Amino acid sequence: MRYFRQLLIFVCVFSMIDSSIFAENTEEEEQKEEEELPVYAGEEIVVTESKEKVPTVSTIATKVPIPIRLTPASIGVVNHGLFQHQSGVVLGDALRNVSGVNIQTVFGVTDFFVIRGFDSLSSGLVLTDGASEPEATFYNLYNLERVEVLKGPGAFLYGGNPLSGSVNLSRKQPIFTNAFQVGGSYGPYKTGRGTVDANWADVGQGIALRVNALRQVSDSYRDDKDSGLWAVNPAATWRPNDKTTVTANFEYVTSRYKSDSGLPIINGAVADVPRTQSYQSPFDASDQDIYRARVDLQSRLSPRVTLRNKLYYTDFSWVSQGTLFSGIFPNAQGSLDILRSLVLLDDRQKVLGNQFELLSTFRTGHVEHTLLTGLELMQWKDKFTLDVAALPNMDVFNPVETASQPYFIIPGQSQGADSKSRVVAPYIVDRIVFCPCYEAYVGVRYDRIDYDDPLTSTFRKYNKLSPMAGMVFSLKEDLSFYANVGRAFAPPSSQVAGPRETEESFQMEVGAKKYLLDNRLHASLAVYHLTKNNIGIPDATGVTQQDGDQRSRGVELEVMVRPVRNWHTFLSYAFSDATLTRFAEFVPVFTQTGITYQLADRSGNRAAFSPRHIFNVWTARGFDNGLEFGIGARYVASQFIAEDNQFQIRDVLTLDASVSYAYRLLKFRINAKNLTNQEYETRGFGSASIIPANPFGLYCAFEINI
């Protein structure tokens with residue numbers, strides 16, 4: 001009940017806010033942003049090259065573009081203009097602007113984030129232009145127009161896995177104008193980055209071509225962690241007439257990183273060694289190759305009916321060798337040794353699917369409907385081998401590498417799969433407008449999943465119904481209240497031992513949104529209760545079993561203030577109470593006769609990487625002479641690194657700043673990150689280690705627009 005009392009307090013504050021607190025801008029160049037546009041079934045939605053940082057419309061919650069203030073869910077949208085000004089590079093840099101999202105990585109080689117207390121690998125879904133992605137890579141921002149986040153269950157639209165959140169990466173599409181942009185940046189540790197964005201169009205022929213490309217290299221703050229990647233994303237749009245559009249999009253990304261487990265934890269503290277010290281083997285590597293292809297067709301069949309079809313394909317290859325830490329033990333020299341092993345992964349995933357949709361608008365009496373009906377067919381292949389090799393111990397304080405090939409594969413630790421999942425899923429979402437002050441949303445998706453893995457003699461079938469219902473009350477034109485309930489599911493991991501039931505989540509959420517008509521203030525508040533059952537959590541023996549349940553409750557607040565032209569402030573705050581309501585694991589106990597395992601009950605512990613408080617603010621002020629200044633702060637409360645709650649990363653407050661200058665076709669920018677040079681840590685491996693975060697760094701960038 002205390003969360004709902006907090007909601008009522010905030011609602012009262014929202015209701016008292018009035019547009020008179022902001023000065024009117026009488027300059028002719030000031031233009032109002034159109035926040036609430038009528039949506040027609042035949043209207044083609046084209047992403048333009050707007051540099052605005054303030055989003056007003058989103059599609060992730062319904063697949064239909066509607067004003068965010070009329071969406072019955074907590075939505076986070078980060079436009080290109082904002083993460084570019086912050087010198088954002090990967091998905092995590094954009095997500096830091098969204099309330100309730102904690103940013104981490106997987107061994108420093110892939111994106112990893114926690115939404116409302118649940119991690120992205122087990123409970124989230126990443127989509128590229130609305131199509132599912134394997135969640136084991138760094139998603140670079142070089143070709144993105146915006147990042148949209150739907151917090152809460154999203155299976156009613158996207159099927160299995162989005163138990164706590166869905167993230168959609170909207171890429172830059174071809175536009176019907178000629179444009180060319182080249183950019184570059186350079187920073188500490190020989191970090192260099194270059195981008196190209198070229199667009200060509202023939203309006204008469206209805207053809208537009210666009211190419212985005214990226215090259216990036218870095219030696220990294222941590223020892224022996226150099227990296228590099230290439231990416232190219234050509235796309236073409238053809239409009240044979242004013243009713244039909246076809247867009248073909250292809251992307252290739254190849255990246256080379258080195259895994260990082262970080263620094264070991266000794267007796268509840270980080271090892272007293274240089275923060276750059278690496279204990280990884282010389283064989284560590286993380287090599288990925290990704291191919292993405294999308295073909296989108298949109299055709300207006302009538303003024304009220306539009307046909308949409310998306311054919312998508314992703315080929316993901318990941319070859320990884322990473323050193324893991326197993327513990328710390330005294331050695332014969334009176335020092336401490338770190339026990340290490342080498343995990344060898346060879347993973348190949350292929351996703352082929354098609355989404356067929358009809359979007360229509362109609363009336364039943366005085367009630368207006370915007371109805372989306374769709375059918376998704378998908379096949380997901382996953383073939384992998386996972387082996388564990390022994391590595392020689394290494395002295396923590398005097399590390400000397402003695403590892404050599406060939407590897408000794410530890411018996412009984414290998415895993416593998418050659419699985420195929422076939423999905424047939426019809427879905428429907430209806431936006432029902434009863435009157436200007438009240439509208440409802442209902443959605444449901446039925447997933448039939450056939451899972452087949454002859455390598456492990458595993459055959460499973462799932463038939464799941466994922467419903468959602470929401471409503472929005474607009475008592476005033478600039479104030480709305482909403483509520484939603486929904487369920488979601490996720491098939492269990494192929495690494496789960498024993499019975500394999502679907503993981504399931506259920507959420508109730510209420511909230512309020514305050515949007516002044518001149519867009520000088522956007523504020524949203526959400527209070528939620530989210531549960532997840534049948535969680536598969538690896539225990540200390542490395543075995544994953546579905547013996548966990550978790551509950552998460554919290555409050556989220558997002559505010560955008562624009563007191564005058566060219567001055568934007570973005571603020572977000574989240575309180576989260578994420579608790580393991582059921583979880584027990586076997587833990588090693590070291591005795592004189594060897595190692596034994598005992599069952600430890602973790603019920604009541606806080607979920608890993610779920611800080612109670614996250615606060616983020618960024619403010620930027622531009623001037624007519626081309627100068628723009630920005631400064632931001634981020635506070636993350638203390639957080640446990642594993643379900644055992646034995647080690648806690650301390651809370652940290654970091655500051656960032658930027659200054660940019662635009663002159664004709666040129667723009668220069670300097671970003672200072674971690675201004676106060678705070679020493680803090682991020683996710684390592686389980687309860688054994690953490691990774692030191694980057695210290696203060698100064699990054700210089702330029703852009704040329706033609």
# chains A, B, ... in the order shown; residues from 1 in each chain; ligands from 1
>>> select_by_dssp(residues="region 185-238 of chain A", states="strand (DSSP E or B)", output="ChimeraX atom specification")
/A:185-187,191-202,207-218,227-238
>>> residues_around(residues="Ala574 (chain A)", least_positions_apart="4", cutoff="6 Å", atoms="only C-alpha atoms", output="MDAnalysis selection string")
chainID A and resid 99:100 555:556 613:614
>>> residues_around(residues="region 300-302 of chain A", least_positions_apart="2", cutoff="6 Å", atoms="only C-alpha atoms", output="CSV table (one decimal) with C-alpha atoms, in the first residue's frame")
chain,number,residue,atom,x,y,z
A,42,GLY,CA,-3.5,4.2,-44.1
A,243,LYS,CA,0.0,3.8,-51.3
A,304,ARG,CA,-9.0,2.7,-43.3
A,305,VAL,CA,-7.0,-0.5,-43.9
A,306,THR,CA,-3.3,-0.9,-44.2
>>> closest_residue(among="A:Phe609, A:Phe118, A:Tyr139, A:Phe176", to="Leu91 (chain A)", atoms="only C-alpha atoms")
A:Tyr139
>>> residues_around(residues="Tyr451 (chain A)", least_positions_apart="4", cutoff="8 Å", atoms="only C-alpha atoms", output="PyMOL selection string")
chain A and resi 419-422+458-461
>>> residues_around(residues="Arg222 (chain A)", least_positions_apart="2", cutoff="7 Å", atoms="only C-alpha atoms", output="list in words")
Ser220, Asp224, Lys225, Thr276 and Gln277 of chain A
>>> write_last_selection(atoms="N, CA and C atoms", output="mmCIF file, in the first residue's frame")
data_model
loop_
_atom_site.group_PDB
_atom_site.id
_atom_site.type_symbol
_atom_site.label_atom_id
_atom_site.label_comp_id
_atom_site.auth_asym_id
_atom_site.auth_seq_id
_atom_site.Cartn_x
_atom_site.Cartn_y
_atom_site.Cartn_z
ATOM 1 N N SER A 220 41.416 -0.095 -24.359
ATOM 2 C CA SER A 220 40.692 -0.300 -23.113
ATOM 3 C C SER A 220 41.504 0.122 -21.892
ATOM 4 N N ASP A 224 45.401 -5.577 -21.484
ATOM 5 C CA ASP A 224 45.233 -6.638 -22.479
ATOM 6 C C ASP A 224 43.765 -6.831 -22.875
ATOM 7 N N LYS A 225 43.051 -5.736 -23.072
ATOM 8 C CA LYS A 225 41.630 -5.835 -23.429
ATOM 9 C C LYS A 225 41.338 -5.017 -24.687
ATOM 10 N N THR A 276 43.896 -2.031 -12.998
ATOM 11 C CA THR A 276 44.042 -2.466 -14.393
ATOM 12 C C THR A 276 44.504 -3.918 -14.499
ATOM 13 N N GLN A 277 44.835 -4.553 -13.364
ATOM 14 C CA GLN A 277 45.386 -5.909 -13.383
ATOM 15 C C GLN A 277 44.413 -6.903 -14.018
#
>>> residues_around(residues="region 386-388 of chain A", least_positions_apart="5", cutoff="6 Å", atoms="only C-alpha atoms", output="list of chain:residue names")
A:Leu342, A:Val343, A:Leu344, A:Leu345, A:Ile409, A:Ile410, A:Ser414, A:Gln415, A:Gly416
>>> closest_residue(among="A:Val106, A:Leu521, A:Ala293, A:Ala248", to="Ala136 (chain A)", atoms="only C-alpha atoms")
A:Val106
>>> closest_residue(among="A:Asn331, A:Lys514, A:Ala417, A:Phe180", to="Leu455 (chain A)", atoms="only C-alpha atoms")
A:Ala417
>>> atom_distance(atom1="CA of Ser164 (chain A)", atom2="CA of Phe640 (chain A)")
19.6 Å
>>> atom_distance(atom1="CA of Asn79 (chain A)", atom2="CA of Glu357 (chain A)")
26.2 Å
>>> closest_residue(among="A:Gly183, A:Val109, A:Asp315, A:Arg551", to="Leu229 (chain A)", atoms="only C-alpha atoms")
A:Val109
>>> residues_around(residues="region 317-324 of chain A", least_positions_apart="3", cutoff="7 Å", atoms="only C-alpha atoms", output="short mmCIF file (atom, residue, chain, number, x, y, z; two decimals) with N, CA and C atoms, in the first residue's frame")
data_model
loop_
_atom_site.label_atom_id
_atom_site.label_comp_id
_atom_site.auth_asym_id
_atom_site.auth_seq_id
_atom_site.Cartn_x
_atom_site.Cartn_y
_atom_site.Cartn_z
N SER A 259 37.53 -11.10 -23.31
CA SER A 259 36.70 -11.24 -22.12
C SER A 259 37.40 -10.71 -20.88
N SER A 261 36.82 -10.94 -16.60
CA SER A 261 36.12 -11.30 -15.36
C SER A 261 36.42 -10.32 -14.25
N GLN A 280 43.18 -12.80 -16.86
CA GLN A 280 42.68 -13.61 -17.96
C GLN A 280 43.84 -14.36 -18.62
N SER A 281 43.53 -15.47 -19.24
CA SER A 281 44.55 -16.24 -19.94
C SER A 281 44.88 -15.57 -21.27
N PHE A 283 44.56 -16.82 -24.01
CA PHE A 283 43.69 -17.39 -25.03
C PHE A 283 42.31 -16.74 -25.05
N ASP A 284 42.08 -15.79 -24.15
CA ASP A 284 40.75 -15.17 -24.06
C ASP A 284 40.43 -14.38 -25.32
N ALA A 285 39.21 -14.57 -25.82
CA ALA A 285 38.76 -13.83 -26.99
C ALA A 285 37.24 -13.95 -27.09
N SER A 286 36.64 -12.96 -27.72
CA SER A 286 35.21 -12.98 -27.99
C SER A 286 35.00 -12.43 -29.39
N ASP A 287 34.77 -13.33 -30.35
CA ASP A 287 34.64 -12.95 -31.75
C ASP A 287 33.21 -13.20 -32.21
N GLN A 288 32.59 -12.15 -32.77
CA GLN A 288 31.20 -12.26 -33.21
C GLN A 288 31.06 -11.76 -34.65
N ASP A 289 30.20 -12.45 -35.37
CA ASP A 289 29.79 -12.01 -36.70
C ASP A 289 28.27 -12.07 -36.76
N ILE A 290 27.65 -10.95 -37.16
CA ILE A 290 26.20 -10.87 -37.18
C ILE A 290 25.74 -10.36 -38.54
N ARG A 340 41.42 -20.82 -11.60
CA ARG A 340 40.86 -20.36 -12.87
C ARG A 340 40.44 -21.54 -13.74
N SER A 341 39.50 -21.27 -14.60
CA SER A 341 39.11 -22.22 -15.63
C SER A 341 38.82 -21.43 -16.90
N LEU A 342 38.83 -22.11 -18.02
CA LEU A 342 38.61 -21.47 -19.32
C LEU A 342 37.34 -22.04 -19.93
N VAL A 343 36.37 -21.18 -20.16
CA VAL A 343 35.11 -21.59 -20.78
C VAL A 343 35.21 -21.37 -22.28
N LEU A 344 34.94 -22.43 -23.05
CA LEU A 344 35.04 -22.36 -24.50
C LEU A 344 33.64 -22.51 -25.09
N LEU A 345 33.16 -21.47 -25.74
CA LEU A 345 31.82 -21.45 -26.32
C LEU A 345 31.91 -21.27 -27.83
N ASP A 346 31.17 -22.10 -28.53
CA ASP A 346 31.01 -21.95 -29.98
C ASP A 346 29.51 -21.99 -30.25
N ASP A 347 28.94 -20.83 -30.55
CA ASP A 347 27.49 -20.70 -30.65
C ASP A 347 27.11 -20.14 -32.02
N ARG A 348 26.10 -20.75 -32.64
CA ARG A 348 25.59 -20.27 -33.93
C ARG A 348 24.06 -20.26 -33.84
N GLN A 349 23.48 -19.07 -33.99
CA GLN A 349 22.03 -18.93 -33.93
C GLN A 349 21.53 -18.33 -35.25
#
